[in-house]
>>> print(open('input38.cif').read())   # mmCIF, C-alpha atoms
data_query
loop_
_atom_site.label_atom_id
_atom_site.label_comp_id
_atom_site.auth_asym_id
_atom_site.auth_seq_id
_atom_site.Cartn_x
_atom_site.Cartn_y
_atom_site.Cartn_z
CA MET A 1 29.30 -126.01 114.16
CA MET A 2 26.62 -126.08 116.80
CA LYS A 3 26.42 -129.84 116.68
CA LYS A 4 30.14 -130.21 116.90
CA LEU A 5 30.34 -127.97 119.89
CA MET A 6 27.46 -129.75 121.53
CA SER A 7 29.15 -133.09 121.32
CA ARG A 8 32.37 -131.65 122.58
CA ALA A 9 30.68 -129.96 125.45
CA ALA A 10 28.90 -133.16 126.38
CA ALA A 11 32.16 -135.01 126.34
CA ALA A 12 33.62 -132.51 128.68
CA THR A 13 30.65 -133.02 131.00
CA LEU A 14 29.73 -129.41 130.51
CA ALA A 15 26.51 -130.01 128.69
CA LEU A 16 24.80 -127.50 130.90
CA ALA A 17 26.95 -124.68 129.65
CA LEU A 18 25.36 -124.50 126.23
CA GLY A 19 21.80 -125.29 127.10
CA ILE A 20 21.29 -122.70 129.74
CA VAL A 21 23.50 -120.10 128.23
CA THR A 22 20.67 -118.28 126.51
CA CYS A 23 19.24 -116.90 129.74
CA GLY A 24 22.51 -115.25 130.70
CA ALA A 25 22.57 -111.76 132.04
CA GLY A 26 24.41 -108.94 130.39
CA ALA A 27 27.16 -106.89 131.89
CA ALA A 28 26.73 -104.99 135.06
CA GLN A 29 24.53 -102.25 133.75
CA ALA A 30 25.75 -98.82 134.61
CA ALA A 31 22.90 -96.57 135.61
CA GLU A 32 22.98 -94.18 132.70
CA PRO A 33 20.74 -91.16 133.02
CA ALA A 34 19.42 -91.07 129.46
CA PRO A 35 19.76 -94.26 127.40
CA SER A 36 20.67 -93.50 123.83
CA ALA A 37 18.86 -94.94 120.85
CA HIS A 38 21.64 -97.25 119.80
CA ASP A 39 23.91 -98.84 122.36
CA LEU A 40 25.32 -102.32 122.78
CA THR A 41 27.01 -103.78 125.79
CA VAL A 42 28.81 -107.05 126.32
CA GLY A 43 28.43 -109.76 128.92
CA TYR A 44 29.81 -113.20 129.67
CA THR A 45 28.25 -116.33 131.06
CA VAL A 46 29.96 -119.49 132.11
CA SER A 47 28.88 -122.75 133.66
CA GLY A 48 29.24 -122.90 137.42
CA ALA A 49 31.11 -126.17 136.91
CA LYS A 50 33.87 -124.53 134.89
CA ALA A 51 37.03 -124.42 136.98
CA LYS A 52 39.85 -121.95 136.48
CA GLY A 53 42.47 -123.22 134.07
CA TYR A 54 40.47 -126.29 133.06
CA ALA A 55 38.57 -126.99 129.87
CA GLY A 56 35.14 -125.50 129.28
CA LEU A 57 32.97 -123.01 127.46
CA VAL A 58 32.48 -119.29 127.92
CA ALA A 59 29.57 -117.59 126.18
CA ILE A 60 29.73 -113.98 124.98
CA HIS A 61 26.57 -111.93 124.65
CA ALA A 62 25.77 -108.61 123.09
CA LYS A 63 22.91 -106.85 124.83
CA ASN A 64 21.02 -104.00 123.28
CA VAL A 65 20.61 -101.40 126.02
CA GLY A 66 19.40 -98.74 123.63
CA SER A 67 15.84 -98.00 122.74
CA GLU A 68 15.96 -99.08 119.07
CA ARG A 69 17.09 -102.15 117.17
CA TYR A 70 20.78 -102.25 116.44
CA TYR A 71 21.55 -103.18 112.85
CA SER A 72 23.87 -102.21 110.07
CA GLU A 73 24.64 -104.31 107.06
CA PHE A 74 27.73 -102.50 105.91
CA PRO A 75 29.99 -101.63 107.59
CA ALA A 76 29.23 -104.59 109.77
CA ILE A 77 28.83 -104.49 113.53
CA SER A 78 31.85 -106.27 114.96
CA PHE A 79 33.58 -107.06 118.21
CA ARG A 80 37.17 -107.97 118.94
CA ILE A 81 37.71 -110.59 121.61
CA ASP A 82 41.11 -110.65 123.30
CA VAL A 83 41.96 -113.61 125.47
CA LYS A 84 44.78 -112.60 127.80
CA THR A 85 46.86 -114.42 130.36
CA ASP A 86 45.75 -113.84 133.93
CA ASN A 87 48.15 -116.14 135.68
CA GLY A 88 50.72 -118.70 134.68
CA PRO A 89 53.42 -118.63 131.99
CA GLN A 90 53.38 -115.54 129.77
CA GLY A 91 53.36 -115.90 126.01
CA VAL A 92 51.96 -119.41 126.06
CA ASP A 93 49.06 -120.19 123.80
CA ARG A 94 46.08 -122.28 124.79
CA VAL A 95 43.79 -124.28 122.56
CA ILE A 96 40.68 -122.16 122.12
CA THR A 97 37.97 -123.11 119.64
CA PRO A 98 35.55 -120.34 118.75
CA GLY A 99 31.88 -120.90 118.08
CA TRP A 100 29.33 -118.63 116.48
CA PHE A 101 25.59 -118.13 116.80
CA ASN A 102 22.69 -116.10 115.43
CA GLY A 103 24.38 -115.38 112.12
CA ALA A 104 27.56 -113.99 113.65
CA TYR A 105 30.92 -115.24 112.46
CA THR A 106 34.02 -115.59 114.61
CA GLN A 107 37.41 -115.40 112.97
CA ASP A 108 40.55 -116.46 114.73
CA LEU A 109 43.12 -113.69 114.31
CA GLY A 110 45.95 -115.64 115.90
CA PHE A 111 48.17 -115.37 118.92
CA ASP A 112 50.48 -112.49 119.72
CA GLU A 113 53.30 -113.87 121.84
CA LYS A 114 54.58 -110.47 122.94
CA THR A 115 51.37 -109.40 124.56
CA SER A 116 50.28 -112.96 125.33
CA THR A 117 46.96 -112.32 123.65
CA ARG A 118 44.85 -114.47 121.36
CA SER A 119 42.38 -112.41 119.37
CA PHE A 120 39.13 -113.20 117.64
CA MET A 121 36.85 -111.03 115.57
CA VAL A 122 33.09 -111.48 115.73
CA THR A 123 31.08 -109.97 112.89
CA LEU A 124 27.32 -109.77 113.28
CA SER A 125 24.95 -110.16 110.37
CA ASN A 126 21.63 -109.97 112.18
CA PRO A 127 20.05 -107.16 114.18
CA VAL A 128 19.97 -107.09 117.96
CA GLU A 129 16.47 -106.04 118.94
CA ALA A 130 15.95 -103.49 121.71
CA GLY A 131 16.34 -105.16 125.07
CA GLN A 132 17.53 -108.42 123.53
CA ASP A 133 20.51 -110.22 124.98
CA GLN A 134 21.92 -112.07 121.99
CA LEU A 135 24.41 -114.89 122.19
CA ILE A 136 27.00 -114.03 119.56
CA ALA A 137 29.96 -116.29 120.23
CA ASN A 138 31.46 -118.75 122.60
CA LEU A 139 34.98 -119.83 123.29
CA ASN A 140 35.76 -123.42 124.04
CA PHE A 141 38.88 -123.40 126.20
CA GLY A 142 41.16 -126.39 126.17
CA ASP A 143 42.87 -127.57 129.30
CA GLY A 144 45.23 -124.92 130.59
CA LEU A 145 47.75 -127.34 132.02
CA THR A 146 50.94 -126.84 130.03
CA LYS A 147 54.50 -128.00 130.53
CA GLU A 148 55.33 -124.58 131.86
CA GLY A 149 52.54 -124.45 134.38
CA ARG A 150 48.80 -124.01 134.54
CA LEU A 151 47.42 -121.13 132.53
CA THR A 152 44.43 -119.08 133.49
CA ASN A 153 42.93 -116.53 131.12
CA TYR A 154 40.57 -113.63 131.15
CA ILE A 155 38.79 -112.00 128.24
CA THR A 156 38.23 -108.45 127.10
CA VAL A 157 35.79 -107.52 124.37
CA THR A 158 35.83 -104.27 122.43
CA GLN A 159 33.21 -103.17 119.97
CA VAL A 160 34.98 -102.25 116.74
CA GLY A 161 32.27 -101.74 114.13
CA ARG A 162 29.49 -99.52 115.42
CA LEU A 163 26.68 -97.31 114.25
CA ASP A 164 27.51 -93.67 113.75
CA ASP A 165 25.17 -92.45 116.46
CA ASP A 166 26.40 -94.95 119.04
CA LYS A 167 28.50 -92.57 121.08
CA SER A 168 28.59 -94.29 124.45
CA THR A 169 31.86 -96.16 124.70
CA GLY A 170 31.89 -96.73 128.43
CA ASN A 171 30.14 -100.09 128.28
CA ASP A 172 31.60 -101.65 125.16
CA GLN A 173 35.33 -100.88 125.18
CA ASN A 174 37.63 -103.39 126.85
CA VAL A 175 34.80 -105.03 128.76
CA ASP A 176 36.71 -107.20 131.20
CA SER A 177 35.40 -110.64 132.02
CA ARG A 178 36.65 -110.31 135.58
CA GLN A 179 33.97 -107.73 136.28
CA ASN A 180 31.20 -108.80 133.91
CA THR A 181 30.80 -112.54 134.21
CA THR A 182 27.96 -114.48 135.74
CA THR A 183 27.20 -118.16 135.84
CA ASP A 184 24.26 -119.49 133.90
CA PHE A 185 22.13 -119.09 137.05
CA GLN A 186 23.02 -115.39 137.37
CA ASN A 187 25.41 -115.95 140.24
CA PRO A 188 28.61 -113.93 140.21
CA SER A 189 31.65 -115.57 138.70
CA PRO A 190 35.31 -114.51 139.04
CA GLY A 191 35.58 -114.36 135.24
CA ILE A 192 38.88 -116.20 135.07
CA PHE A 193 38.87 -119.23 132.81
CA MET B 1 55.13 -118.55 102.37
CA LYS B 2 54.99 -116.65 99.15
CA LEU B 3 58.73 -116.65 98.81
CA THR B 4 59.05 -120.40 99.22
CA GLY B 5 56.41 -120.98 96.60
CA LYS B 6 58.25 -118.73 94.23
CA MET B 7 61.55 -120.41 95.00
CA ALA B 8 60.12 -123.82 94.30
CA GLY B 9 59.02 -122.67 90.91
CA ILE B 10 62.22 -120.89 90.07
CA LEU B 11 64.61 -123.54 91.32
CA GLY B 12 63.50 -126.01 88.73
CA GLY B 13 66.91 -125.99 87.13
CA SER B 14 69.53 -127.86 89.11
CA ALA B 15 72.19 -125.36 88.07
CA LEU B 16 70.93 -122.90 90.62
CA LEU B 17 70.90 -125.48 93.37
CA VAL B 18 74.52 -126.25 92.69
CA GLY B 19 75.26 -122.56 92.82
CA LEU B 20 73.65 -122.25 96.23
CA ALA B 21 75.47 -125.28 97.59
CA ALA B 22 78.78 -123.86 96.45
CA SER B 23 78.62 -120.86 98.78
CA PRO B 24 78.10 -122.24 102.29
CA ALA B 25 80.00 -119.48 104.06
CA ASN B 26 77.04 -117.14 104.34
CA ALA B 27 74.37 -119.80 104.49
CA THR B 28 71.33 -118.50 106.29
CA THR B 29 67.97 -119.90 107.03
CA ILE B 30 65.23 -118.17 105.14
CA GLU B 31 62.68 -116.94 107.61
CA ASN B 32 59.50 -115.19 106.79
CA HIS B 33 58.55 -112.79 109.52
CA TYR B 34 55.03 -111.59 109.62
CA PRO B 35 52.67 -110.90 112.45
CA GLU B 36 50.46 -113.85 113.20
CA THR B 37 47.59 -111.49 113.74
CA PRO B 38 46.82 -110.27 110.23
CA ALA B 39 45.50 -106.87 109.42
CA LEU B 40 41.84 -107.05 108.61
CA ASN B 41 40.44 -105.22 105.67
CA PRO B 42 37.10 -103.79 106.73
CA THR B 43 36.39 -102.31 103.33
CA LEU B 44 35.86 -105.68 101.66
CA PRO B 45 32.33 -105.80 100.38
CA ILE B 46 29.37 -107.89 101.32
CA VAL B 47 27.88 -109.30 98.17
CA ASN B 48 24.26 -110.26 98.12
CA THR B 49 24.76 -113.03 95.64
CA TYR B 50 21.09 -113.63 95.17
CA HIS B 51 18.24 -111.32 96.01
CA GLY B 52 14.97 -112.46 94.54
CA SER B 53 12.43 -109.77 95.28
CA ASP B 54 13.23 -106.13 95.04
CA HIS B 55 11.92 -105.51 98.54
CA ILE B 56 12.02 -107.31 101.87
CA LYS B 57 8.86 -109.14 102.85
CA PRO B 58 7.75 -109.70 106.44
CA ASN B 59 6.72 -113.20 107.41
CA VAL B 60 4.88 -115.02 110.17
CA LEU B 61 7.94 -115.61 112.29
CA ASN B 62 9.48 -112.19 112.04
CA PRO B 63 7.69 -108.90 111.46
CA HIS B 64 10.95 -107.06 110.85
CA PRO B 65 13.21 -109.29 108.76
CA VAL B 66 16.54 -108.35 107.21
CA CYS B 67 16.31 -110.71 104.23
CA ASN B 68 13.71 -112.69 102.33
CA ALA B 69 13.14 -116.05 103.98
CA LEU B 70 14.63 -119.10 102.24
CA GLU B 71 15.40 -117.00 99.20
CA ASP B 72 18.28 -114.59 99.65
CA ARG B 73 21.92 -115.54 99.78
CA ARG B 74 24.96 -113.56 100.61
CA THR B 75 28.72 -113.89 100.64
CA VAL B 76 31.10 -111.96 102.85
CA VAL B 77 34.77 -111.84 101.91
CA TYR B 78 37.12 -111.50 104.85
CA LYS B 79 40.46 -111.93 103.20
CA VAL B 80 41.97 -111.51 99.75
CA ASN B 81 45.43 -112.70 98.78
CA ASP B 82 47.12 -111.59 95.60
CA ASN B 83 49.54 -114.28 94.41
CA PHE B 84 51.91 -115.03 91.60
CA SER B 85 51.86 -118.67 90.47
CA PRO B 86 54.89 -119.39 88.30
CA VAL B 87 54.66 -121.77 85.39
CA GLY B 88 58.15 -121.68 83.95
CA THR B 89 61.42 -119.76 83.93
CA ILE B 90 64.01 -118.97 81.32
CA SER B 91 67.32 -117.59 82.46
CA THR B 92 70.32 -116.36 80.56
CA THR B 93 73.71 -115.75 82.19
CA ASN B 94 76.06 -113.21 80.73
CA HIS B 95 79.61 -114.51 80.95
CA THR B 96 80.99 -111.95 78.51
CA THR B 97 82.54 -108.63 79.37
CA LYS B 98 79.88 -106.50 77.75
CA ASP B 99 76.19 -105.84 78.25
CA ILE B 100 73.86 -108.01 76.26
CA PRO B 101 70.44 -106.83 75.15
CA LEU B 102 68.44 -109.93 76.02
CA THR B 103 65.24 -111.03 74.36
CA GLN B 104 63.44 -114.06 75.68
CA GLU B 105 60.47 -116.08 74.55
CA THR B 106 58.16 -117.95 76.80
CA SER B 107 57.91 -121.54 75.77
CA LYS B 108 55.36 -123.39 77.78
CA SER B 109 51.71 -124.18 77.34
CA GLN B 110 49.79 -124.22 80.55
CA THR B 111 46.20 -123.59 81.56
CA ILE B 112 44.79 -122.52 84.88
CA ASN B 113 41.16 -122.70 85.92
CA ILE B 114 38.98 -121.01 88.46
CA SER B 115 38.04 -123.08 91.49
CA VAL B 116 35.55 -122.48 94.25
CA ASN B 117 35.05 -124.46 97.43
CA GLY B 118 32.24 -124.52 99.93
CA GLU B 119 29.72 -123.12 97.56
CA GLN B 120 26.28 -122.82 99.00
CA GLY B 121 24.18 -121.33 96.28
CA ASN B 122 24.56 -121.46 92.54
CA SER B 123 22.85 -118.16 91.96
CA THR B 124 24.27 -114.76 91.37
CA THR B 125 22.85 -111.82 89.60
CA ILE B 126 25.49 -112.12 86.93
CA ASN B 127 24.80 -115.69 85.93
CA ALA B 128 22.45 -114.81 83.15
CA GLY B 129 25.18 -112.88 81.40
CA ALA B 130 28.15 -115.17 81.87
CA SER B 131 27.25 -118.69 82.79
CA LYS B 132 30.01 -121.22 82.72
CA ASP B 133 29.65 -124.48 84.59
CA GLY B 134 26.71 -123.36 86.65
CA GLY B 135 27.12 -120.66 89.22
CA THR B 136 30.67 -121.25 90.34
CA PHE B 137 32.23 -118.88 87.91
CA GLY B 138 29.45 -116.39 88.43
CA ILE B 139 29.90 -115.96 92.15
CA ALA B 140 33.65 -115.83 92.10
CA GLU B 141 33.76 -113.45 89.19
CA GLU B 142 31.12 -111.18 90.62
CA ILE B 143 32.91 -110.95 93.92
CA SER B 144 36.34 -110.43 92.50
CA LYS B 145 34.93 -107.63 90.38
CA LYS B 146 33.50 -105.98 93.48
CA ILE B 147 36.89 -106.23 95.12
CA GLY B 148 38.53 -104.73 92.07
CA PHE B 149 40.01 -107.58 90.07
CA GLU B 150 39.00 -108.60 86.62
CA ALA B 151 38.52 -112.33 86.90
CA SER B 152 38.95 -114.87 84.21
CA TYR B 153 37.41 -118.30 83.97
CA GLN B 154 40.41 -119.80 82.28
CA LEU B 155 43.82 -118.45 81.44
CA SER B 156 46.47 -120.13 79.39
CA TRP B 157 50.03 -119.53 78.33
CA ASN B 158 51.00 -120.36 74.80
CA ALA B 159 54.42 -120.64 73.30
CA GLY B 160 55.87 -117.61 71.67
CA GLN B 161 55.41 -114.53 73.78
CA THR B 162 58.45 -112.29 73.56
CA ILE B 163 59.96 -110.50 76.53
CA GLY B 164 62.55 -107.83 76.22
CA PRO B 165 65.00 -106.77 75.00
CA TYR B 166 66.57 -105.72 78.29
CA ASP B 167 70.26 -105.26 79.12
CA VAL B 168 72.12 -107.88 81.10
CA PRO B 169 75.42 -106.59 82.57
CA PRO B 170 78.50 -108.82 82.61
CA GLY B 171 78.33 -111.53 85.27
CA TYR B 172 74.63 -111.12 85.72
CA THR B 173 71.82 -113.51 84.98
CA GLY B 174 68.65 -112.31 83.38
CA GLU B 175 65.64 -114.35 84.31
CA ALA B 176 62.08 -114.22 83.15
CA THR B 177 59.53 -116.14 85.16
CA TYR B 178 56.15 -116.40 83.58
CA GLY B 179 52.99 -117.53 85.23
CA PHE B 180 49.63 -116.38 86.40
CA ARG B 181 48.56 -113.67 88.73
CA THR B 182 45.85 -115.14 90.90
CA VAL B 183 43.60 -114.02 93.69
CA THR B 184 42.53 -116.20 96.58
CA MET B 185 39.43 -115.09 98.43
CA SER B 186 38.13 -116.59 101.62
CA GLY B 187 35.01 -115.74 103.50
CA THR B 188 31.62 -117.05 104.46
CA GLN B 189 28.29 -117.69 102.84
CA GLN B 190 24.88 -117.46 104.41
CA ILE B 191 21.34 -118.14 103.33
CA CYS B 192 18.29 -116.44 104.70
CA GLY B 193 16.59 -118.52 107.36
CA ALA B 194 12.86 -119.11 107.75
CA ASP B 195 12.57 -116.21 110.20
CA GLY B 196 14.08 -113.67 107.82
CA ARG B 197 17.46 -113.57 109.55
CA TRP B 198 20.79 -114.74 108.18
CA THR B 199 21.68 -118.26 109.20
CA ASN B 200 24.98 -119.33 110.65
CA PRO B 201 27.75 -118.88 108.11
CA THR B 202 29.68 -121.59 106.33
CA ALA B 203 33.20 -121.22 105.03
CA TRP B 204 33.87 -120.42 101.39
CA ASN B 205 36.94 -119.81 99.31
CA ALA B 206 37.77 -119.22 95.69
CA PHE B 207 40.88 -119.30 93.57
CA VAL B 208 40.57 -116.91 90.67
CA PRO B 209 43.08 -116.45 87.86
CA VAL B 210 43.31 -112.77 87.05
CA LYS B 211 45.85 -112.39 84.27
CA ASN B 212 49.03 -113.72 82.78
CA GLU B 213 52.11 -112.20 84.31
CA VAL B 214 55.83 -112.17 83.67
CA GLU B 215 58.36 -111.28 86.35
CA VAL B 216 61.77 -110.29 85.10
CA LYS B 217 64.80 -109.96 87.31
CA LEU B 218 68.56 -109.52 87.14
CA TYR B 219 70.93 -110.96 89.70
CA ASN B 220 74.56 -111.87 90.18
CA ASN B 221 74.24 -113.56 93.55
CA PRO B 222 72.56 -116.95 93.65
CA ALA B 223 70.88 -116.00 96.88
CA ASP B 224 68.93 -113.35 95.03
CA SER B 225 67.58 -115.72 92.44
#
>>> encode(input="input38.cif", output="C-alpha cells")
Amino acid sequence: MMKKLMSRAAAATLALALGIVTCGAGAAQAAEPAPSAHDLTVGYTVSGAKAKGYAGLVAIHAKNVGSERYYSEFPAISFRIDVKTDNGPQGVDRVITPGWFNGAYTQDLGFDEKTSTRSFMVTLSNPVEAGQDQLIANLNFGDGLTKEGRLTNYITVTQVGRLDDDKSTGNDQNVDSRQNTTTDFQNPSPGIF
Amino acid sequence: MKLTGKMAGILGGSALLVGLAASPANATTIENHYPETPALNPTLPIVNTYHGSDHIKPNVLNPHPVCNALEDRRTVVYKVNDNFSPVGTISTTNHTTKDIPLTQETSKSQTINISVNGEQGNSTTINAGASKDGGTFGIAEEISKKIGFEASYQLSWNAGQTIGPYDVPPGYTGEATYGFRTVTMSGTQQICGADGRWTNPTAWNAFVPVKNEVEVKLYNNPADS
C-alpha cells in the first residue's frame, strides 16, 4: 500500500507530500483549562504544491491531547471521514484512493449522491501515545476536472469509536479541514482540495 | 445483486423464460435499490487468531507493546454476508381445478467447499482440534463461530431428500430450490511487528458453507418466480 502510494505520489510530482507529512501539526488546539486523561483531536496536512481541485494527497492525523495513552482493542477506536463538495457540481463523485498507516485500516463506505459526500471509516489498531501526532490515513485525490466543471472538496472527520471516559467532543466531531489544515511546513492552508 | 444470482439459478428451465417473454405489457426493469453507503456492524469481533504467550512481553523497541513481536496474529471482520447459493430447482405446475398436496425430491449431487483468500497466517487456536488442509479451515471456522454461524468444511447434496407435502392451489406452481446457505466474510489480517504494534493490514476474505437449505415457494405470476 505504502509503496503503491509512493510511486503514485512521485508520478504526480508530489513526492514531498508523503515524506514530510510526519511532522505535521495537529488541529488548532483550543486552550482547554484542564486536559482530560483521554482525548484525541484531528488535524490535516497537505503539500504546499497541492492546488485546489487538482490531484494530490491529504494526510489525516490523530493527535493525543490527553495525558495518557489512547488505546482500546474492542470496541475499536474509529473515525469517519466525509469528503464533501465545496464548490463545483453537486452530487459528482471524484476518484479518491485511501491509504492507511500505523496499523489503521481505511474502508471506503461509498458515495452518497444526495448529500454529495464520500465517506471512509478509519479503524485504529495501535495506541496513540500521549502527545503523539499519529498519521492514520491519507486520501489521494484524483483530478477534480469533470465534464460538469471543476470540483473542489473539503473534509470533515468525526470520531466514532471512543473510550468511555473521553467526554470532550468539541475537538473531534466534524473537524472541518477548512479550519484545521496546515501545509507540511506548518503554514496555514485553506483546506480545500 | 442477490436477486439476480437467485434468478440465474432458478431460470435454468427455458419454460420460465418463455413465460416471461409472453407478457411484455408490464415489462419492467429489475432494479435493486440499496444505499451505496452500507451500514457497518461494529459488533463484529476481533479474533486473535494466534497468541503464543499468555502475556504480553516488552521488547527493546517498545516498552509498552500491544502484542508479542513477530508472533501474534489477528483478524478483524468488517462485513458478513449471508447468501443462498442455489444448486437446482424442481417445479410443479398445477393445471387442475383442485389443490394438490405436492411432495418433491431433490435430485442433484453437488459439493461445496470452504475457500479463503489473502490468508496471512496458518495458525489459529482451533487448529489442533480440527485441522483440515492446514490452517485455512481453522481460521474461517473459528471466525464464523465467533460471529455466530456453524461452519462446515464441506457440504454436499445427495439425491433423495424429500420436501413436502405442501398444497399447490389450481393455477399455481410449486417450486423447491435447493442449495447451500453460505456466509462470505471480508476483513483484514495483521501480524505483530517488531516493535510490538500491529502492522498495516492486508485484505482477507472467506467463503464458508454453513448448511444445506431448501427454499420453497408458490407463485402464479411468472414475474414472481
>>> resolve_selection(input="input38.cif", expression="the PyMOL selection byres ((chain B and resi 169) around 8)", output="tab-separated table (two decimals) with C-alpha atoms, in the frame of the given file")
chain	number	residue	atom	x	y	z
B	94	ASN	CA	76.06	-113.21	80.73
B	98	LYS	CA	79.88	-106.50	77.75
B	99	ASP	CA	76.19	-105.84	78.25
B	100	ILE	CA	73.86	-108.01	76.26
B	167	ASP	CA	70.26	-105.26	79.12
B	168	VAL	CA	72.12	-107.88	81.10
B	170	PRO	CA	78.50	-108.82	82.61
B	171	GLY	CA	78.33	-111.53	85.27
B	172	TYR	CA	74.63	-111.12	85.72
>>> resolve_selection(input="input38.cif", expression="the PyMOL selection byres ((chain B and resi 74) around 9)", output="PyMOL selection string")
chain B and resi 46-51+72-73+75-76+121+188-192+198
>>> resolve_selection(input="input38.cif", expression="the PyMOL selection byres ((chain A and resi 148) around 10)", output="mmCIF file with C-alpha atoms, in the coordinates of the input")
data_model
loop_
_atom_site.group_PDB
_atom_site.id
_atom_site.type_symbol
_atom_site.label_atom_id
_atom_site.label_comp_id
_atom_site.auth_asym_id
_atom_site.auth_seq_id
_atom_site.Cartn_x
_atom_site.Cartn_y
_atom_site.Cartn_z
ATOM 1 C CA GLY A 88 50.720 -118.700 134.680
ATOM 2 C CA PRO A 89 53.420 -118.630 131.990
ATOM 3 C CA GLN A 90 53.380 -115.540 129.770
ATOM 4 C CA VAL A 92 51.960 -119.410 126.060
ATOM 5 C CA LEU A 145 47.750 -127.340 132.020
ATOM 6 C CA THR A 146 50.940 -126.840 130.030
ATOM 7 C CA LYS A 147 54.500 -128.000 130.530
ATOM 8 C CA GLY A 149 52.540 -124.450 134.380
ATOM 9 C CA ARG A 150 48.800 -124.010 134.540
ATOM 10 C CA LEU A 151 47.420 -121.130 132.530
#
>>> residues_around(input="input38.cif", residues="stretch 36-53 of chain A", least_positions_apart="2", cutoff="8 Å", atoms="all atoms listed in the file", output="ChimeraX atom specification")
/A:14,16-17,21,24-28,34,55-70,143-145,150-153,157,163,165-168,171-172,175,177,180-184,189,192-193
>>> interface_residues(input="input38.cif", of="chain A", to="chain B", cutoff="8 Å", atoms="all atoms listed in the file", output="MDAnalysis selection string")
chainID A and resid 74:75 100:105 109:112 119 125:127
>>> residues_around(input="input38.cif", residues="B:Ala151", least_positions_apart="4", cutoff="12 Å", atoms="only C-alpha atoms", output="JSON, numbers by chain")
{"B": [113, 114, 115, 130, 137, 138, 139, 140, 141, 142, 143, 144, 145, 146, 147, 155, 180, 181, 182, 183, 184, 185, 206, 207, 208, 209, 210, 211, 212]}
>>> atom_distance(input="input38.cif", atom1="atom CA of B:Ser156", atom2="atom CA of B:Ser109")
6.9 Å
>>> axis_aligned_box(input="input38.cif", around="stretch 56-61 of chain A", padding_each_side="3 Å", output="JSON")
{"center_x": 30.9, "center_y": -118.7, "center_z": 127.0, "size_x": 14.6, "size_y": 19.6, "size_z": 10.6}
>>> atom_distance(input="input38.cif", atom1="atom CA of B:Thr96", atom2="atom CA of B:Tyr166")
15.7 Å
>>> closest_residue(input="input38.cif", among="A:Gln107, A:Val95, A:Gly161, A:Ile136", to="A:Phe120", atoms="all atoms listed in the file")
A:Gln107
